[in-house]
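*Asks:* Would you mind keeping the following structure in view while I ask a few things?
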Amino acid sequence: MNYEDVMKLALERGFYFPSCEVYSDAQAGFWEYGPSGVSLKNKFLELWRRELIRRDGMFEIDGSQIMSKSVFEASGHLGSFADPIIKCKKCKSTFRADRTISEISNMEIPESADLIEFDKAILQSNIKCPKCKGDFENTKKFNMMFRVGIGPEEEEAYLRPETCQSIFVDFPRLFKIMRGKLPFGIAQVGKSFRNEISPRQSLLRLREFYQAEIEVFCNPSRLNDVEKFSEIQNTIIRIQTDSEPFAMTCKEAIESEIVPNKFVAYYLGILTEFYEKTGIDITKSRFRKLGEKEKAFYAEAAFDFEVETTIGWLELVACNYRSDYDLSSHAEKSKEKFEVMDNDKKVLPHVFEISMGIDRSLYTILEHSLNDDKEHERIVLSIKPYLSPIHVGVLSLIKKDGLKEKTDEIYLQIKRKFDAFLDHSGAIGRRYRRLDEIGAPFAITIDHETLKDDTVTIRKRDSMEQNRIKISELDSILTESLAYP
RNA sequence: GCGGAAUUAGUCUAGCUCGGUAUGACGUCAGCUUCCCAAGUUGAAGGUCGUGGGUUCAAAUCCCGCAUUCCGCACCA
């Protein structure tokens, strides 16, 4: 199914919808999760915790969304996260100043240079608008961070443009109190904020969005000293360097030197295993090895985890080897010590980052799971049972003869443990269809036989097949079928 | 941010050319019916037609601004 089908499902079934939609001054790039969306998101994150955080023995924190100016001076976001832009006086088109100047005059001005340098170059080389030959206004800086004023004096602070800065600044304390040893993983889930010029496509480019970030602190001289590598050495990952992506085991990726070391390969491996369990079609995924020009300003080596969807390849995760960029700049700015002991040697750890876009991941799960079952005239969200917003529908076959009461009783029994949905109204087939559309893997139906022998029928979403089971077995059957893998 | 198109109920949509406060479908709710896959039947709720202004006796309809959405461009750690 395509983007529009997913959008329709999201709007009709409460996965997500535009923020503040009753007001006409609602801004672009802000979306809300409805009940189904939140339920999916929570379950997705539980899977993430199981497959990455607990599996690797990482620690999770929850930092502030507003952070002080110094943090972003040290991180480089105040300098590098801002682009010098020039605007044409005549046609109002906006361009990147540094790129436009270098294309037309071959003059290379670093993007962090003083704004006057750009204006000078434009005058000297008589640079005009590439579109309409008009003159440019003075160069301005466009920073993607949202500035906020703290307290009555409105002191300068920023909404974080990525969650990981708290992890870096908290690292010295966390390493001490959690009795840290390298490699040391810290994770965080939360919102980040970027003032995108043009937000697009609902969850795919937001101004306020969720990230699940992992920063693994490591000793740069021991990147091939990874015991856990054997766990994933035969896991198949798909890597693209410059041509088509091709599949290889993690072991082969190391031997061919496509992935620089076992440490990075280990995390690419467990990340792939995680995404496989979300139900995303892993044969439509790739780790794209980024070239020099594409990499972020802090990255030494970078792999983007991308998945193919009906609107093209989507970047779901950025995996960056950030070296000691972050810790050394925070150390310098804060005068705090960030070195730690590893095997009796003092080291400033390097960082490998796994920065996941949650919203995009959820969209991709929905798109890859949504099917049009033409034979049975239904839309089915064939999502993994443990990720489904609703685990089980509880239905009375008809309302009369005490079936409604018996149904309510069974619903009460299970609703605290499972995400159950009670439904008495309308034809039974219609109720099954509704459950199919939000991905409920099971429906149990209470009929006249239930009153006689305490059995119910259980219907499976994908096969539509039904079995009769004892009410006393219900709990264990559901528990087993809905368990995380 | 630039250019183009669009915006009518939960969703899709008719009406706009040629001005007279809105059509249909699906969905939703309640009843009847119904012992298993969107059936039938009787009712009901839900829209100041994105928003602000203008023209007019009268605007969903004509004109202008803005917002949002989609498509391109640009941007995108």
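A note on labels: chains of the structure tokens are A, B, ... as shown, every chain counts residues from 1, and ligands are counted from 1 in their shown order.
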Residues of chain B within 8 Å of chain A, using only C-alpha atoms (C1' of nucleotides), as number ranges by chain?

*Replies:* B: 1-2, 10-11, 34-38, 50-51, 67-68, 74-77

*Asks:* I'd like the neighbourhood of segment 327-341 of chain A as a PyMOL selection string, where a residue qualifies if any of its atoms comes within 10 Å (using only C-alpha atoms (C1' of nucleotides)), though same-chain residues fewer than 5 positions away should be ignored.

*Replies:* chain A and resi 70-76+165+168-173+175-176+180-182+217+219+322+346-351

*Asks:* What are the DSSP strand (DSSP E) residues of segment 200-436 of chain A, as a ChimeraX atom specification?

*Replies:* /A:208-218,236-240,246-249,285-289,301-309,312-323,340-342,345-347,350-357,370-373,378-381,392-396,420-423

*Asks:* Report, in Å with one decimal, the straight-line distance from atom CA of Ile86 of chain A to atom CA of Phe136 of chain A.

*Replies:*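 That distance, rounded to one decimal, is 6.3 Å.
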
*Asks:* Using only C-alpha atoms, find the one residue out of A:Glu4, A:Glu137, A:Glu292, A:Glu60 that sits nearest to Ala97 of chain A.

*Replies:*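 For Ala97 of chain A, the nearest of the given residues is A:Glu137.
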
*Asks:* When you look at Ile122 of chain A with a cut-off of 12 Å (counting only C-alpha atoms (C1' of nucleotides)), what residues show up, excluding the ones that are within fewer than 4 positions of it in the same chain? I need them as a ChimeraX atom specification.

*Replies:* /A:86,97-107,109,115-118,126-129,135-139

*Asks:* Could you list, as number ranges by chain, every residue within 8 Å of Ile186 of chain A, counting only C-alpha atoms (C1' of nucleotides) and ignoring same-chain residues fewer than 5 positions away?

*Replies:* A: 58-61, 167, 214-216
